[in-house]
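Asker: Before we start, here is the structure in question, set down as structure tokens.
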Amino acid sequence: MEFPYILEIAYLIASVTFVIGLKMLSHPDSARKGNLIAAFGMAIAIAATLFLYKTGVDSSIYILIIAAMTLGTVLGFFAAKKVKMTAMPEMVSIFNGMGGACAMLIGLIEFPHFIAHPEPLGLLAVLGGMVIGSVSFSGSIIAWAKLNGTLNKEIRLPYYNIINTGVMILTLGLTGAIVGGFALDATIVYGLCALALVYGVLFVIPIGGADMPVVISLLNSFTGVAAAFGGFLYGNKVMLTGGILVGSAGTILTIVMCNAMNRSLTNVIFGAFGGGGSAAAGAGSADKSYKDISISDTAVLMNYSKKVIIVPGYGLAVAQAQHVIHELETILEERGIEVKYAIHPVAGRMPGHMNVLLAESSVDYGKLVEMEEINGEFSTTDVVVVIGANDVVNPAAKTDPSSPIYGMPILDVDLARNIIINKRSMNAGYAGIDNDLFYHSKTSMLFGDAKSVLTKLVAEIKSM
Amino acid sequence: MTGIFEFLYTNMNMVYVVILSIFVGVEVIGKVPSILHTPLMSGANAIHGVVVIGAIIVMLQAESNNFVILSLGFIAVVLGTLNVVGGFVVTDRMLEMFKKKK
């Protein structure tokens with residue numbers, strides 16, 4: 001190291017930008033600037049490592065590193081720029097998986113040094129990064145596949161929690177045995193890595209519905225811890241501070257998200273949201289009747305209302321109907337009808353996801369009302385239009401203790417005078433639970449794809 | 001037991017850094033509004049991309065003829081950079097939507 005002071009100062013600056021960046025990210029006004037500050041610090045830390053960490057490195061290696069960084073930058077940049085706002089949660093998950101895989105590879109490359117010269121703490125740092133990175137990597141890939149629908153089958157293993165816990169204990173035990181010097185062998189380390197990958201899959205596979213973002217957030221903090229182990233391995237303070245910061249902030253964020261849904265973390269991990277309820281859904285819906293409503297009747301109903309509340313859900317997002325909904329809102333307002341949006345904390349696929357989607361179609365930020373504030377307004381509302389949302393309006397969360405979503409706060413749409421629900425069919429929602437609201441006497445079902453239904457509705461109201 | 005004390009003593013700096021970072025991380029998030037959960041998660045996601053520095057170190061320390069390490073390191077650097085660049089860009093795109101409209 002020829003310039004150790006400059007390198008250490010660069011790391012110090014980067015660590016400070018991470019703290020400032022995270023702090024600013026938790027306030028709406030400063031968030032964007034905070035993100036840029038953290039990115040700037042990251043660039044300094046990476047550049048300093050590249051040029052100051054070691055001198056006399058063969059130029060062919062520099063060419064390789066820069067080629068790898070260019071490739072990663074181009075791929076990352078275009079993937080991030082091209083991804084649709086609706087697919088954002090998948091994207092976050094996949095990037096998280098990449099970080100986990102990076103930590104896993106570092107562990108795989110570094111462990112042979114310790115086979116020759118066993119040293120418990122070094123081994124712990126190497127294996128810790130490798131194991132946690134692997135869990136985070138395979139878990140994130142499963143989360144990605146579940147979110148984009150590649151993996152949509154209900155997967156139930158018998159004694160699931162026992163198998164899962166068993167694999168976890170085996171992974172920890174094996175790590176302990178290797179660190180303790182009882183099983184210092186390359187094959188066993190590869191086996192441990194494979195076991196950690198399996199655990200990541202087992203960990204995420206039973207989780208679904210509104211619990212997905214919680215798990216992504218948890219995996220996010222895992223990758224942070226994996227990065228911190230790398231920091232210990234190399235005595236690198238920026239990896240240590242950056243990793244631990246994300247690890248602890250991510251854990252807190254995970255808990256905050258759980259609280260927003262009134263669920264405990266253990267419930268999320270072991271409760272298998274969207275499990276048992278689906279069986280009851282098929283049986284229960286047969287003897288219940290619902291009524292449907294035509295587009296022109298909906299138009300008339302809305303046109304003669306004083307107040308309309310729109311409840312947007314993921315169905316709106318997949319249909320790319322966020323622009324049409326804004327058009328509907330504008331037309332109704334021109335006729336003196338008050339229009340608001342009711343935003344459930346977990347509407348969409350992640351907390352805050354719906355706000356992002358609606359903001360994209362230039363819906364005025366002031367019209368997006370959070371659950372606690374809008375719940376008191378439903379009783380004075382003429383029409384509630386629920387578009388592609390199921391679980392966030394399901395009264396079972398309040399009335400049915402056996403329901404997997406019992407206890408989750410919901411939007412009290414059943415207090416409104418008329419409820420119109422747009423869905424493509426009577427199928428159960430994302431969490432796979434039936435919804436009694438659909439059979440309520442005040443409810444009318446408006447079937448069809450959100451975008452085409454809303455477009456026709458706008459045309460119908462315009463002609464009145 | 002003495003081993004643990006010895007470890008704490010020789011790595012005192014690192015131990016301080018870890019403990020203080022945990023508190024800073026918890027403190028910094030504090031009361032975050034739910035509308036910012038997704039961008040915040042994504043921003044934190046980009047920050048743990050700092051792991052790419054480890055991948056760069058792996059490559060800097062490799063012999064120029066050790067192709068196994070160099071190829072694995074190459075993949076690690078690509079993945080780490082993807083995490084960093086993609087994470088920050090995606091977060092910026094989300095936050096861009098939050099700007100106040102007239």
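Note on naming: chains are A, B, ... as they come in the structure tokens, residues start from 1 per chain, ligands start from 1 in the order shown.
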Need to verify the contact set: segment 306-314 of chain A, 8 Å, only C-alpha atoms, exclusion of same-chain residues closer than 3 positions in sequence. Can you return it as a list in words?
Answerer: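 After dropping sequence-adjacent residues, the list is Met302, Ala317, Val318, Gly336, Ile337, Glu338, Val339, Lys340, Tyr341, Ala342, Ile343, Ala347, Gly348, Arg349, Met354, Phe378, Thr380, Thr381, Asp382, Val383, Val384, Val385, Val386, Ile387, Gly388, Ala389 and Asn390 of chain A.
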Asker: Skip Asn65 of chain B itself and residues of its chain fewer than 5 positions away, then list as number ranges by chain all residues within 12 Å of it, counting only C-alpha atoms.
Answerer: A: 58, 60-61; B: 59, 70-71
Asker: Please dump the current selection as a compact mmCIF listing (two decimals), in the first residue's frame; keep N, CA and C atoms.
Answerer:
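What follows is the written file again.txt:
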# COMPACT_ATOMS: atom_id res chain seq x y z
N ASP A 58 -0.33 -6.50 -11.93
CA ASP A 58 -0.20 -6.72 -13.38
C ASP A 58 -1.31 -5.98 -14.14
N SER A 60 -2.77 -6.59 -16.81
CA SER A 60 -3.83 -7.44 -17.37
C SER A 60 -4.96 -7.60 -16.36
N ILE A 61 -4.60 -7.61 -15.07
CA ILE A 61 -5.64 -7.75 -14.03
C ILE A 61 -6.49 -6.48 -13.96
N MET B 59 -9.42 -9.81 -6.78
CA MET B 59 -8.77 -9.80 -8.09
C MET B 59 -7.40 -9.12 -8.02
N LEU B 70 -9.29 -15.76 -11.10
CA LEU B 70 -9.60 -14.58 -11.91
C LEU B 70 -11.01 -14.67 -12.52
N SER B 71 -11.41 -15.85 -12.97
CA SER B 71 -12.76 -15.94 -13.56
C SER B 71 -13.83 -15.78 -12.49
Asker: What is the atom CA of Ser463 of chain A to atom CA of Gln322 of chain A distance in Å?
Answerer: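 We find that atom CA of Ser463 of chain A and atom CA of Gln322 of chain A lie 21.8 Å from each other.
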Asker: Which residue, B:Leu40, B:Met12, B:Ile56, B:Val85, has the smallest gap to Leu72 of chain B when you use only C-alpha atoms?
Answerer: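 Result for the nearest residue to Leu72 of chain B: B:Ile56.
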Asker: For a quick test of understanding: name the residues of chain B lying within 6 Å of chain A when counting only C-alpha atoms, and present them as a PDB file with N, CA and C atoms, in the first residue's frame.
Answerer:
ATOM      1  N   SER B  21     -21.948   1.138  14.473  1.00  0.00           N
ATOM      2  CA  SER B  21     -22.706   1.084  13.211  1.00  0.00           C
ATOM      3  C   SER B  21     -24.107   0.522  13.422  1.00  0.00           C
ATOM      4  N   ILE B  22     -24.209  -0.478  14.305  1.00  0.00           N
ATOM      5  CA  ILE B  22     -25.539  -1.055  14.574  1.00  0.00           C
ATOM      6  C   ILE B  22     -26.464   0.039  15.111  1.00  0.00           C
ATOM      7  N   GLY B  25     -27.316   2.631  12.437  1.00  0.00           N
ATOM      8  CA  GLY B  25     -28.293   2.080  11.495  1.00  0.00           C
ATOM      9  C   GLY B  25     -29.700   2.126  12.045  1.00  0.00           C
ATOM     10  N   VAL B  26     -29.862   1.718  13.287  1.00  0.00           N
ATOM     11  CA  VAL B  26     -31.178   1.713  13.929  1.00  0.00           C
ATOM     12  C   VAL B  26     -31.692   3.143  14.092  1.00  0.00           C
ATOM     13  N   VAL B  28     -30.790   5.913  12.494  1.00  0.00           N
ATOM     14  CA  VAL B  28     -30.985   6.650  11.255  1.00  0.00           C
ATOM     15  C   VAL B  28     -32.362   6.379  10.626  1.00  0.00           C
ATOM     16  N   VAL B  32     -39.769   6.048   9.784  1.00  0.00           N
ATOM     17  CA  VAL B  32     -39.834   6.259   8.346  1.00  0.00           C
ATOM     18  C   VAL B  32     -41.270   6.064   7.866  1.00  0.00           C
ATOM     19  N   SER B  34     -44.452   5.018   5.640  1.00  0.00           N
ATOM     20  CA  SER B  34     -44.570   3.793   4.847  1.00  0.00           C
ATOM     21  C   SER B  34     -44.411   4.051   3.352  1.00  0.00           C
ATOM     22  N   ILE B  35     -44.707   5.292   2.899  1.00  0.00           N
ATOM     23  CA  ILE B  35     -44.552   5.538   1.455  1.00  0.00           C
ATOM     24  C   ILE B  35     -43.090   5.438   1.028  1.00  0.00           C
ATOM     25  N   LEU B  36     -42.178   5.571   1.982  1.00  0.00           N
ATOM     26  CA  LEU B  36     -40.756   5.512   1.620  1.00  0.00           C
ATOM     27  C   LEU B  36     -40.131   4.131   1.847  1.00  0.00           C
ATOM     28  N   HIS B  37     -40.921   3.157   2.289  1.00  0.00           N
ATOM     29  CA  HIS B  37     -40.336   1.849   2.575  1.00  0.00           C
ATOM     30  C   HIS B  37     -39.625   1.248   1.370  1.00  0.00           C
ATOM     31  N   THR B  38     -40.297   1.272   0.221  1.00  0.00           N
ATOM     32  CA  THR B  38     -39.694   0.653  -0.958  1.00  0.00           C
ATOM     33  C   THR B  38     -38.416   1.357  -1.401  1.00  0.00           C
ATOM     34  N   LEU B  40     -36.441   3.203   0.321  1.00  0.00           N
ATOM     35  CA  LEU B  40     -35.432   3.059   1.375  1.00  0.00           C
ATOM     36  C   LEU B  40     -34.794   1.675   1.326  1.00  0.00           C
ATOM     37  N   SER B  42     -34.604  -0.191  -1.276  1.00  0.00           N
ATOM     38  CA  SER B  42     -33.809  -0.237  -2.489  1.00  0.00           C
ATOM     39  C   SER B  42     -32.494   0.536  -2.322  1.00  0.00           C
ATOM     40  N   ALA B  44     -30.875   1.021   0.561  1.00  0.00           N
ATOM     41  CA  ALA B  44     -30.036   0.216   1.443  1.00  0.00           C
ATOM     42  C   ALA B  44     -29.439  -0.946   0.652  1.00  0.00           C
ATOM     43  N   ASN B  45     -30.230  -1.494  -0.250  1.00  0.00           N
ATOM     44  CA  ASN B  45     -29.805  -2.567  -1.141  1.00  0.00           C
ATOM     45  C   ASN B  45     -28.580  -2.136  -1.951  1.00  0.00           C
ATOM     46  N   HIS B  48     -25.345  -2.018   0.299  1.00  0.00           N
ATOM     47  CA  HIS B  48     -24.624  -3.257   0.611  1.00  0.00           C
ATOM     48  C   HIS B  48     -23.847  -3.777  -0.593  1.00  0.00           C
ATOM     49  N   GLY B  49     -24.060  -3.142  -1.742  1.00  0.00           N
ATOM     50  CA  GLY B  49     -23.227  -3.436  -2.902  1.00  0.00           C
ATOM     51  C   GLY B  49     -21.764  -3.104  -2.661  1.00  0.00           C
ATOM     52  N   VAL B  50     -21.475  -2.494  -1.524  1.00  0.00           N
ATOM     53  CA  VAL B  50     -20.097  -2.202  -1.102  1.00  0.00           C
ATOM     54  C   VAL B  50     -19.274  -3.496  -1.070  1.00  0.00           C
ATOM     55  N   VAL B  51     -19.957  -4.625  -1.059  1.00  0.00           N
ATOM     56  CA  VAL B  51     -19.281  -5.924  -1.089  1.00  0.00           C
ATOM     57  C   VAL B  51     -18.411  -6.061  -2.345  1.00  0.00           C
ATOM     58  N   PHE B  74     -13.898 -12.237 -11.529  1.00  0.00           N
ATOM     59  CA  PHE B  74     -14.521 -11.448 -12.593  1.00  0.00           C
ATOM     60  C   PHE B  74     -16.045 -11.469 -12.429  1.00  0.00           C
ATOM     61  N   ALA B  76     -17.693 -12.157  -9.740  1.00  0.00           N
ATOM     62  CA  ALA B  76     -18.048 -11.465  -8.499  1.00  0.00           C
ATOM     63  C   ALA B  76     -18.074  -9.946  -8.708  1.00  0.00           C
ATOM     64  N   VAL B  77     -17.076  -9.424  -9.434  1.00  0.00           N
ATOM     65  CA  VAL B  77     -17.048  -7.973  -9.671  1.00  0.00           C
ATOM     66  C   VAL B  77     -18.256  -7.554 -10.526  1.00  0.00           C
ATOM     67  N   VAL B  78     -18.582  -8.347 -11.555  1.00  0.00           N
ATOM     68  CA  VAL B  78     -19.751  -8.010 -12.393  1.00  0.00           C
ATOM     69  C   VAL B  78     -21.010  -7.961 -11.527  1.00  0.00           C
ATOM     70  N   LEU B  79     -21.216  -9.009 -10.706  1.00  0.00           N
ATOM     71  CA  LEU B  79     -22.436  -9.082  -9.891  1.00  0.00           C
ATOM     72  C   LEU B  79     -22.485  -7.944  -8.868  1.00  0.00           C
ATOM     73  N   GLY B  80     -21.341  -7.680  -8.219  1.00  0.00           N
ATOM     74  CA  GLY B  80     -21.296  -6.609  -7.228  1.00  0.00           C
ATOM     75  C   GLY B  80     -21.593  -5.252  -7.860  1.00  0.00           C
ATOM     76  N   THR B  81     -20.997  -5.015  -9.033  1.00  0.00           N
ATOM     77  CA  THR B  81     -21.230  -3.733  -9.708  1.00  0.00           C
ATOM     78  C   THR B  81     -22.704  -3.596 -10.115  1.00  0.00           C
ATOM     79  N   LEU B  82     -23.279  -4.729 -10.578  1.00  0.00           N
ATOM     80  CA  LEU B  82     -24.707  -4.736 -10.916  1.00  0.00           C
ATOM     81  C   LEU B  82     -25.532  -4.283  -9.714  1.00  0.00           C
ATOM     82  N   ASN B  83     -25.204  -4.834  -8.544  1.00  0.00           N
ATOM     83  CA  ASN B  83     -25.907  -4.503  -7.314  1.00  0.00           C
ATOM     84  C   ASN B  83     -25.793  -3.001  -7.010  1.00  0.00           C
ATOM     85  N   VAL B  85     -24.721  -0.315  -9.082  1.00  0.00           N
ATOM     86  CA  VAL B  85     -25.252   0.599 -10.109  1.00  0.00           C
ATOM     87  C   VAL B  85     -26.763   0.444 -10.236  1.00  0.00           C
ATOM     88  N   GLY B  86     -27.209  -0.810 -10.387  1.00  0.00           N
ATOM     89  CA  GLY B  86     -28.643  -1.048 -10.523  1.00  0.00           C
ATOM     90  C   GLY B  86     -29.407  -0.519  -9.323  1.00  0.00           C
ATOM     91  N   VAL B  89     -29.550   3.375  -9.341  1.00  0.00           N
ATOM     92  CA  VAL B  89     -30.344   3.905 -10.459  1.00  0.00           C
ATOM     93  C   VAL B  89     -31.838   3.649 -10.221  1.00  0.00           C
ATOM     94  N   VAL B  90     -32.158   2.417  -9.783  1.00  0.00           N
ATOM     95  CA  VAL B  90     -33.567   2.082  -9.555  1.00  0.00           C
ATOM     96  C   VAL B  90     -34.156   2.952  -8.434  1.00  0.00           C
ATOM     97  N   LEU B  95     -37.571   7.591  -6.719  1.00  0.00           N
ATOM     98  CA  LEU B  95     -37.683   8.846  -5.979  1.00  0.00           C
ATOM     99  C   LEU B  95     -38.000  10.020  -6.895  1.00  0.00           C
ATOM    100  N   MET B  97     -40.208  10.076  -8.986  1.00  0.00           N
ATOM    101  CA  MET B  97     -41.672  10.155  -9.042  1.00  0.00           C
ATOM    102  C   MET B  97     -42.239  10.984  -7.890  1.00  0.00           C
TER     103      MET B  97
END
Asker: In Å to one decimal, how far is atom CA of Leu172 of chain A from atom CA of Asp185 of chain A?
Answerer: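 Those two atoms sit 16.3 Å apart.
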Asker: Work out how far atom CA of Ala397 of chain A is from atom CA of Ile410 of chain A, in Å to one decimal.
Answerer: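 Computing the Euclidean distance for atom CA of Ile410 of chain A and atom CA of Ala397 of chain A yields 7.0 Å.
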Asker: Give me every alpha helix (DSSP H) residue in segment 21-81 of chain B, going by DSSP on the backbone, as a PyMOL selection string.
Answerer: chain B and resi 21-29+37-47+52-61+67-81
